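**Student:** What follows is the file data-v8.pdb, containing PDB, C-alpha atoms and all ligand atoms:
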```pdb
ATOM      1  CA  MET A   2      17.025   6.736 -12.387
ATOM      2  CA  GLY A   3      14.919   7.839  -9.445
ATOM      3  CA  VAL A   4      13.343   5.448  -6.989
ATOM      4  CA  MET A   5       9.921   6.100  -8.507
ATOM      5  CA  SER A   6      10.965   5.215 -12.049
ATOM      6  CA  PRO A   7       8.648   2.581 -13.480
ATOM      7  CA  THR A   8      10.079  -0.907 -13.057
ATOM      8  CA  LEU A   9      10.639  -1.637 -16.739
ATOM      9  CA  GLY A  10      12.669  -4.782 -16.109
ATOM     10  CA  GLN A  11       9.762  -6.437 -14.348
ATOM     11  CA  GLU A  12       7.346  -5.076 -16.937
ATOM     12  CA  GLU A  13       9.335  -6.789 -19.690
ATOM     13  CA  ARG A  14       8.691 -10.060 -17.880
ATOM     14  CA  GLY A  15       4.982  -9.203 -17.921
ATOM     15  CA  GLY A  16       4.483  -9.152 -14.175
ATOM     16  CA  ALA A  17       3.720  -6.529 -11.571
ATOM     17  CA  ARG A  18       6.548  -6.151  -9.085
ATOM     18  CA  HIS A  19       4.608  -3.831  -6.795
ATOM     19  CA  VAL A  20       0.886  -4.305  -6.213
ATOM     20  CA  ALA A  21      -1.146  -1.918  -4.053
ATOM     21  CA  LEU A  22      -4.548  -2.837  -2.654
ATOM     22  CA  ILE A  23      -7.500  -0.710  -1.611
ATOM     23  CA  MET A  24      -9.285  -3.231   0.599
ATOM     24  CA  ASP A  25     -12.847  -1.986   0.286
ATOM     25  CA  GLY A  26     -16.179  -3.522   1.249
ATOM     26  CA  ASN A  27     -15.725  -4.796   4.804
ATOM     27  CA  GLY A  28     -18.760  -2.880   6.053
ATOM     28  CA  ARG A  29     -21.055  -4.108   3.261
ATOM     29  CA  TRP A  30     -19.852  -7.682   3.746
ATOM     30  CA  ALA A  31     -20.766  -7.517   7.440
ATOM     31  CA  LYS A  32     -24.113  -5.846   6.722
ATOM     32  CA  GLN A  33     -25.049  -8.613   4.294
ATOM     33  CA  ARG A  34     -24.656 -10.972   7.236
ATOM     34  CA  GLY A  35     -26.529  -8.780   9.696
ATOM     35  CA  MET A  36     -23.323  -8.264  11.646
ATOM     36  CA  PRO A  37     -21.544  -5.122  12.937
ATOM     37  CA  ARG A  38     -18.886  -3.497  10.753
ATOM     38  CA  ALA A  39     -16.148  -4.724  13.100
ATOM     39  CA  PHE A  40     -17.000  -8.271  12.019
ATOM     40  CA  GLY A  41     -16.205  -7.295   8.446
ATOM     41  CA  HIS A  42     -12.888  -5.699   9.387
ATOM     42  CA  ARG A  43     -11.865  -8.820  11.302
ATOM     43  CA  ALA A  44     -12.676 -10.982   8.296
ATOM     44  CA  GLY A  45     -10.722  -8.423   6.273
ATOM     45  CA  VAL A  46      -7.570  -9.207   8.223
ATOM     46  CA  ASN A  47      -7.887 -12.890   7.282
ATOM     47  CA  ALA A  48      -8.295 -11.905   3.632
ATOM     48  CA  LEU A  49      -5.204  -9.723   3.946
ATOM     49  CA  LYS A  50      -3.182 -12.589   5.423
ATOM     50  CA  ARG A  51      -4.071 -15.114   2.712
ATOM     51  CA  THR A  52      -3.539 -12.536  -0.036
ATOM     52  CA  VAL A  53      -0.116 -11.430   1.255
ATOM     53  CA  GLU A  54       0.968 -15.038   1.715
ATOM     54  CA  SER A  55       0.162 -15.813  -1.914
ATOM     55  CA  ALA A  56       1.803 -12.683  -3.358
ATOM     56  CA  PRO A  57       5.339 -14.100  -3.880
ATOM     57  CA  ASP A  58       3.819 -16.950  -5.938
ATOM     58  CA  PHE A  59       2.762 -14.306  -8.475
ATOM     59  CA  GLY A  60       6.226 -12.760  -8.618
ATOM     60  CA  ILE A  61       5.142  -9.811  -6.483
ATOM     61  CA  GLU A  62       7.952  -8.313  -4.390
ATOM     62  CA  TRP A  63       6.204  -5.289  -2.899
ATOM     63  CA  MET A  64       2.652  -5.058  -1.618
ATOM     64  CA  THR A  65       1.119  -1.864  -0.243
ATOM     65  CA  VAL A  66      -2.247  -2.063   1.525
ATOM     66  CA  PHE A  67      -4.539   0.772   2.610
ATOM     67  CA  GLY A  68      -5.320  -0.006   6.253
ATOM     68  CA  PHE A  69      -6.484   3.361   7.585
ATOM     69  CA  SER A  70      -6.818   6.690   5.826
ATOM     70  CA  THR A  71      -6.396  10.196   7.222
ATOM     71  CA  GLU A  72     -10.157  10.522   6.596
ATOM     72  CA  ASN A  73     -11.087   7.370   8.562
ATOM     73  CA  TRP A  74     -10.916   9.260  11.899
ATOM     74  CA  THR A  75     -14.422  10.532  11.100
ATOM     75  CA  ARG A  76     -15.837   7.011  11.588
ATOM     76  CA  PRO A  77     -17.505   6.167  14.925
ATOM     77  CA  PRO A  78     -14.898   5.955  17.746
ATOM     78  CA  ALA A  79     -15.600   2.250  18.308
ATOM     79  CA  GLU A  80     -14.807   1.472  14.662
ATOM     80  CA  VAL A  81     -11.620   3.559  14.790
ATOM     81  CA  ALA A  82     -10.591   1.662  17.945
ATOM     82  CA  GLU A  83     -11.338  -1.647  16.221
ATOM     83  CA  LEU A  84      -9.106  -0.789  13.245
ATOM     84  CA  MET A  85      -6.292   0.352  15.549
ATOM     85  CA  GLY A  86      -6.603  -2.889  17.530
ATOM     86  CA  LEU A  87      -6.543  -4.995  14.360
ATOM     87  CA  LEU A  88      -3.307  -3.383  13.178
ATOM     88  CA  LYS A  89      -1.709  -3.980  16.583
ATOM     89  CA  ASN A  90      -2.770  -7.632  16.666
ATOM     90  CA  TYR A  91      -1.804  -8.204  13.050
ATOM     91  CA  VAL A  92       1.715  -6.834  13.465
ATOM     92  CA  ARG A  93       2.200  -8.549  16.839
ATOM     93  CA  SER A  94       0.905 -11.943  15.754
ATOM     94  CA  ASP A  95       2.683 -11.999  12.399
ATOM     95  CA  LEU A  96       6.049 -10.544  13.365
ATOM     96  CA  THR A  97       7.770 -13.887  13.957
ATOM     97  CA  ARG A  98       6.501 -15.236  10.640
ATOM     98  CA  MET A  99       7.612 -12.058   8.830
ATOM     99  CA  GLU A 100      11.067 -12.302  10.362
ATOM    100  CA  ARG A 101      11.369 -15.973   9.474
ATOM    101  CA  GLU A 102      10.135 -15.580   5.908
ATOM    102  CA  GLY A 103      12.229 -12.573   4.969
ATOM    103  CA  VAL A 104       9.381 -10.054   4.952
ATOM    104  CA  ARG A 105      10.249  -6.429   5.620
ATOM    105  CA  LEU A 106       7.476  -4.326   7.119
ATOM    106  CA  HIS A 107       7.136  -0.647   6.196
ATOM    107  CA  VAL A 108       4.409   1.553   7.627
ATOM    108  CA  ILE A 109       3.610   4.776   5.767
ATOM    109  CA  GLY A 110       1.397   7.629   6.925
ATOM    110  CA  ARG A 111       1.291  10.270   9.642
ATOM    111  CA  ARG A 112       2.711   8.698  12.756
ATOM    112  CA  GLY A 113       2.256  11.715  15.006
ATOM    113  CA  ASP A 114      -1.470  11.048  15.530
ATOM    114  CA  LEU A 115      -1.068   7.378  16.455
ATOM    115  CA  ALA A 116      -1.238   6.215  20.079
ATOM    116  CA  PRO A 117       2.157   5.500  21.712
ATOM    117  CA  ASP A 118       1.496   1.757  22.063
ATOM    118  CA  ILE A 119       0.757   1.400  18.335
ATOM    119  CA  LEU A 120       3.810   3.456  17.448
ATOM    120  CA  GLU A 121       5.965   1.249  19.610
ATOM    121  CA  ILE A 122       4.682  -1.946  17.979
ATOM    122  CA  ILE A 123       5.184  -0.499  14.483
ATOM    123  CA  GLU A 124       8.694   0.769  15.179
ATOM    124  CA  HIS A 125       9.696  -2.473  16.867
ATOM    125  CA  ALA A 126       8.434  -4.553  13.912
ATOM    126  CA  GLU A 127      10.117  -2.285  11.363
ATOM    127  CA  ALA A 128      13.409  -2.515  13.225
ATOM    128  CA  ARG A 129      13.201  -6.292  13.589
ATOM    129  CA  THR A 130      12.519  -6.814   9.864
ATOM    130  CA  ARG A 131      14.872  -4.069   8.618
ATOM    131  CA  ARG A 132      17.355  -6.471   7.037
ATOM    132  CA  ASN A 133      14.768  -8.571   5.197
ATOM    133  CA  ASP A 134      14.283  -8.128   1.483
ATOM    134  CA  ARG A 135      12.561 -11.211   0.117
ATOM    135  CA  PHE A 136       9.209  -9.445   0.254
ATOM    136  CA  HIS A 137       8.141  -5.949   1.299
ATOM    137  CA  LEU A 138       4.801  -5.391   2.999
ATOM    138  CA  GLN A 139       3.962  -1.708   3.186
ATOM    139  CA  VAL A 140       0.969  -0.799   5.332
ATOM    140  CA  ALA A 141      -0.579   2.628   4.774
ATOM    141  CA  PHE A 142      -1.939   3.622   8.151
ATOM    142  CA  ASN A 143      -3.230   7.089   8.920
ATOM    143  CA  TYR A 144      -2.162   7.696   5.358
ATOM    144  CA  GLY A 145      -3.471  10.173   2.791
ATOM    145  CA  GLY A 146      -1.843  10.879  -0.565
ATOM    146  CA  ARG A 147      -2.294  14.637  -0.313
ATOM    147  CA  ALA A 148      -1.106  14.707   3.296
ATOM    148  CA  ASP A 149       1.976  12.731   2.294
ATOM    149  CA  ILE A 150       2.797  15.130  -0.550
ATOM    150  CA  ALA A 151       2.229  18.152   1.728
ATOM    151  CA  ASP A 152       4.394  16.591   4.457
ATOM    152  CA  ALA A 153       7.129  15.872   1.899
ATOM    153  CA  ALA A 154       7.036  19.495   0.711
ATOM    154  CA  ARG A 155       7.369  20.643   4.300
ATOM    155  CA  ARG A 156      10.317  18.308   4.956
ATOM    156  CA  TYR A 157      11.987  19.548   1.780
ATOM    157  CA  ALA A 158      11.455  23.200   2.760
ATOM    158  CA  GLU A 159      12.835  22.491   6.218
ATOM    159  CA  ALA A 160      15.870  20.762   4.723
ATOM    160  CA  VAL A 161      16.547  23.772   2.473
ATOM    161  CA  LYS A 162      16.135  26.137   5.423
ATOM    162  CA  ALA A 163      18.572  24.093   7.480
ATOM    163  CA  GLY A 164      21.101  23.960   4.622
ATOM    164  CA  ARG A 165      20.723  20.170   4.164
ATOM    165  CA  ASP A 166      19.272  20.528   0.633
ATOM    166  CA  THR A 167      19.195  23.162  -2.095
ATOM    167  CA  LEU A 168      16.741  24.590  -4.601
ATOM    168  CA  GLU A 169      19.247  24.170  -7.421
ATOM    169  CA  GLY A 170      18.619  21.094  -9.536
ATOM    170  CA  PHE A 171      15.455  20.320  -7.608
ATOM    171  CA  ASP A 172      13.302  17.978  -9.676
ATOM    172  CA  GLU A 173      10.803  15.140  -9.365
ATOM    173  CA  ALA A 174      13.375  12.556  -8.345
ATOM    174  CA  GLY A 175      14.689  14.980  -5.733
ATOM    175  CA  PHE A 176      11.218  15.535  -4.337
ATOM    176  CA  GLU A 177      10.333  11.846  -4.195
ATOM    177  CA  ARG A 178      13.020  11.252  -1.624
ATOM    178  CA  TYR A 179      10.870  13.134   0.875
ATOM    179  CA  LEU A 180       7.726  11.027   0.355
ATOM    180  CA  SER A 181       7.042   8.293   2.900
ATOM    181  CA  THR A 182       7.162   5.774   0.030
ATOM    182  CA  ALA A 183      10.741   6.723  -0.908
ATOM    183  CA  ASP A 184      12.121   3.308   0.105
ATOM    184  CA  GLY A 185      10.404   1.404  -2.674
ATOM    185  CA  PRO A 186       9.350   1.377  -6.323
ATOM    186  CA  PRO A 187       6.026   2.900  -7.423
ATOM    187  CA  PRO A 188       3.092   0.506  -7.749
ATOM    188  CA  ASP A 189       2.743  -1.203 -11.124
ATOM    189  CA  LEU A 190      -0.808  -2.209 -10.311
ATOM    190  CA  ILE A 191      -3.423  -0.740  -7.962
ATOM    191  CA  VAL A 192      -6.401  -2.949  -7.180
ATOM    192  CA  ARG A 193      -9.616  -1.755  -5.549
ATOM    193  CA  THR A 194     -12.247  -4.208  -4.438
ATOM    194  CA  SER A 195     -16.010  -3.837  -3.895
ATOM    195  CA  GLY A 196     -16.836  -2.197  -7.221
ATOM    196  CA  GLU A 197     -15.946   1.391  -6.240
ATOM    197  CA  ARG A 198     -13.831   3.060  -8.925
ATOM    198  CA  ARG A 199     -11.836   5.721  -7.135
ATOM    199  CA  LEU A 200      -8.326   6.167  -5.787
ATOM    200  CA  SER A 201      -9.664   7.851  -2.613
ATOM    201  CA  ASN A 202      -6.433   9.730  -1.883
ATOM    202  CA  PHE A 203      -4.253   6.599  -2.111
ATOM    203  CA  LEU A 204      -0.687   6.891  -3.473
ATOM    204  CA  LEU A 205      -1.525   9.964  -5.551
ATOM    205  CA  TRP A 206       2.017  10.783  -6.642
ATOM    206  CA  GLU A 207       3.079   7.155  -6.945
ATOM    207  CA  ALA A 208       0.041   6.135  -9.035
ATOM    208  CA  ALA A 209       1.190   8.195 -12.054
ATOM    209  CA  TYR A 210       1.795   5.166 -14.288
ATOM    210  CA  ALA A 211       0.062   2.435 -12.333
ATOM    211  CA  GLU A 212      -2.503   0.219 -13.994
ATOM    212  CA  LEU A 213      -5.837   0.317 -12.166
ATOM    213  CA  VAL A 214      -7.936  -2.797 -11.751
ATOM    214  CA  PHE A 215     -11.346  -2.756 -10.071
ATOM    215  CA  GLN A 216     -12.788  -6.030  -8.868
ATOM    216  CA  ASP A 217     -16.418  -6.610  -7.890
ATOM    217  CA  VAL A 218     -15.592  -8.639  -4.811
ATOM    218  CA  LEU A 219     -15.994  -7.425  -1.231
ATOM    219  CA  TRP A 220     -12.627  -7.411   0.518
ATOM    220  CA  PRO A 221     -13.354 -10.113   3.162
ATOM    221  CA  ASP A 222     -14.014 -12.571   0.301
ATOM    222  CA  TYR A 223     -10.704 -11.710  -1.401
ATOM    223  CA  GLY A 224      -7.891 -14.213  -1.765
ATOM    224  CA  PRO A 225      -5.189 -15.649  -4.035
ATOM    225  CA  GLU A 226      -7.652 -16.499  -6.827
ATOM    226  CA  HIS A 227      -8.767 -12.854  -7.086
ATOM    227  CA  LEU A 228      -5.195 -11.602  -6.974
ATOM    228  CA  GLY A 229      -4.399 -14.042  -9.786
ATOM    229  CA  LEU A 230      -7.234 -12.600 -11.891
ATOM    230  CA  ALA A 231      -5.970  -9.044 -11.274
ATOM    231  CA  MET A 232      -2.475 -10.116 -12.350
ATOM    232  CA  GLU A 233      -3.900 -11.682 -15.523
ATOM    233  CA  GLU A 234      -5.697  -8.420 -16.295
ATOM    234  CA  PHE A 235      -2.460  -6.502 -15.649
ATOM    235  CA  LYS A 236      -0.591  -8.656 -18.175
ATOM    236  CA  ARG A 237      -3.157  -7.780 -20.846
ATOM    237  CA  ARG A 238      -2.530  -4.054 -20.379
ATOM    238  CA  ASP A 239      -0.211  -2.137 -22.688
ATOM    239  CA  ARG A 240       2.034   0.030 -20.534
ATOM    240  CA  ARG A 241       3.677   2.888 -22.408
ATOM    241  CA  TYR A 242       4.722   5.413 -19.739
ATOM    242  CA  GLY A 243       3.849   8.280 -22.077
ATOM    243  CA  GLY A 244       5.828   6.712 -24.909
ATOM    244  CA  ALA A 245       4.438   5.348 -28.191
ATOM    245  CA  GLU A 246       4.499   1.836 -29.547
ATOM    246  CA  ALA A 247       6.403   1.920 -32.863
ATOM    247  CA  ASP A 248       7.087  -1.273 -34.821
ATOM    248  CA  GLY A 249       6.708  -3.272 -31.638
ATOM    249  CA  VAL A 250       9.406  -1.231 -29.910
ATOM    250  CA  LEU A 251       8.802   1.207 -27.072
ATOM    251  CA  ALA A 252       9.753   4.648 -28.382
ATOM    252  CA  ALA A 253       9.964   7.653 -26.106
ATOM    253  CA  GLY A 254       7.481  10.351 -27.028
TER     254      GLY A 254
HETATM  255  C1  LIG A 301     -12.839  -0.447   3.793
HETATM  256  O1  LIG A 301     -14.040  -1.104   4.080
HETATM  257  C2  LIG A 301     -11.767  -0.924   4.634
HETATM  258  C3  LIG A 301     -11.153  -0.175   5.594
HETATM  259  C4  LIG A 301     -11.534   1.207   5.912
HETATM  260  C5  LIG A 301     -10.068  -0.703   6.387
HETATM  261  C6  LIG A 301      -9.319  -1.880   5.834
HETATM  262  C7  LIG A 301      -8.877  -2.673   6.990
HETATM  263  C8  LIG A 301      -8.684  -4.003   7.032
HETATM  264  C9  LIG A 301      -8.807  -4.902   5.874
HETATM  265  C10 LIG A 301      -8.346  -4.683   8.299
HETATM  266  C11 LIG A 301      -7.295  -4.073   9.123
HETATM  267  C12 LIG A 301      -6.092  -3.631   8.411
HETATM  268  C13 LIG A 301      -4.839  -3.902   8.794
HETATM  269  C14 LIG A 301      -3.702  -3.362   7.997
HETATM  270  C15 LIG A 301      -4.526  -4.754   9.947
HETATM  271  P1  LIG A 301     -15.284  -0.211   4.487
HETATM  272  O2  LIG A 301     -15.412  -0.274   5.960
HETATM  273  O3  LIG A 301     -15.161   1.165   3.931
HETATM  274  O4  LIG A 301     -16.423  -1.005   3.780
HETATM  275  P2  LIG A 301     -17.768  -0.419   3.170
HETATM  276  O5  LIG A 301     -17.381   0.503   2.063
HETATM  277  O6  LIG A 301     -18.474  -1.654   2.692
HETATM  278  O7  LIG A 301     -18.486   0.267   4.283
END
```
Before anything else, please render the file you have as structure tokens.
Ligand code: FPP
**Tutor:**
Amino acid sequence: MGVMSPTLGQEERGGARHVALIMDGNGRWAKQRGMPRAFGHRAGVNALKRTVESAPDFGIEWMTVFGFSTENWTRPPAEVAELMGLLKNYVRSDLTRMEREGVRLHVIGRRGDLAPDILEIIEHAEARTRRNDRFHLQVAFNYGGRADIADAARRYAEAVKAGRDTLEGFDEAGFERYLSTADGPPPDLIVRTSGERRLSNFLLWEAAYAELVFQDVLWPDYGPEHLGLAMEEFKRRDRRYGGAEADGVLAAG
């Protein structure tokens, strides 16, 4: 069973083991208050903190959040700088708590384009939390689903060229090992806030069998109660992974 195989055990218990969040609506939230977009992003960090803190109460073991996309560089430089600064402060200020509470931090995305000081903070935090496994927080930063698949293909080709891998027996499970998400299970549930109904290049490969829930709340207003509603919606879904429900039993098909 490959790392990306759907987490049937958890599914049988009716919960979502891995929840991914597209935290959308910071700009609109700020605009409604006549404030600059940065104000919305800052409030977004608080929403992220309270949501992550509540996640284990819902039986969630992995949470992936979309912090900065490969397309976000096209935003005004001041906004890009604000988002970079927020990641730095978030990781720095929460590292001790993560260490203490058994949280392992994973950062996925293209690292090459990040400033050296951010890279250092990320790598330090990942190393310090490496042995934790009570909860996994995966931050997608300078991440794009297509970029990640293209980068994985390149790493695979390079491995074949260098004699570290072969074309024989190459399959989906073999390919997944080259994705930046290879350490964890695929998301069971992907939530997007703010009413937009798109994946926007998030976890394209990994989303194959994820349930999608769209909530009409702007991200800075998000919290445990909204996550609870998304989990309730998830439990009502009938997940079949391409199989068919026959006499109440999941039959492959
Ligand atoms: C979308 O809102 C949100 C983002 C582009 C960034 C999400 C970032 C945070 C919640 C804070 C920082 C993150 C980390 C991981 C520390 P938008 O600006 O597109 O909102 P809009 O659609 O209303 O304009």
**Student:** Taking 3 positions as the minimum chain separation for residues in the same chain, which residues sit within 8 Å of A:Gly103 when counting all atoms listed in the file? Answer as a PyMOL selection string.
**Tutor:** chain A and resi 99-100+130+133-136
**Student:** For A:Asp189, list every protein, DNA or RNA residue within 8 Å, evaluated using only C-alpha atoms, and leave out those in the same chain fewer than 2 positions away; present the list as a list in words.
**Tutor:**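 With the cut-off at 8 Å, the set is Pro7, Thr8, Ala17, Arg18, His19, Val20, Pro187, Ile191, Tyr210, Ala211 and Glu212 of chain A.
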**Student:** List the neighbours of A:Gly45 out to 9 Å using all atoms listed in the file; skip same-chain residues closer than 4 positions along the sequence, and give me the result as a list in words.
**Tutor:**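 Contacts, in chain order: Met24, Gly26, Asn27, Phe40, Gly41, Leu49, Lys50, Trp220, Pro221, Asp222 and Tyr223 of chain A.
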**Student:** Work out how far apart atom CA of A:Ser70 and atom CA of A:Arg43 are and give it in Å to one decimal.
**Tutor:**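 Atom CA of A:Ser70 sits 17.2 Å away from atom CA of A:Arg43.
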**Student:** Using only C-alpha atoms, determine which residues lie at most 10 Å from A:Leu96, disregarding the query and same-chain residues fewer than 4 positions distant; provide the list as a list of chain:residue names.
**Tutor:**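 The residues that qualify are A:Asn90, A:Tyr91, A:Val92, A:Glu100, A:Arg101, A:Glu102, A:Val104, A:Arg105, A:Leu106, A:Ile122, A:His125, A:Ala126, A:Glu127, A:Arg129, A:Thr130.
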**Student:** List all protein, DNA and RNA residues that have at least one atom no more than 9 Å from any atom of ligand LIG 301 (chain A), counting all atoms listed in the file, and write them as a PyMOL selection string.
**Tutor:** chain A and resi 23-32+38-39+41-49+66-70+73+80+83-92+140-142+195+197+219-221
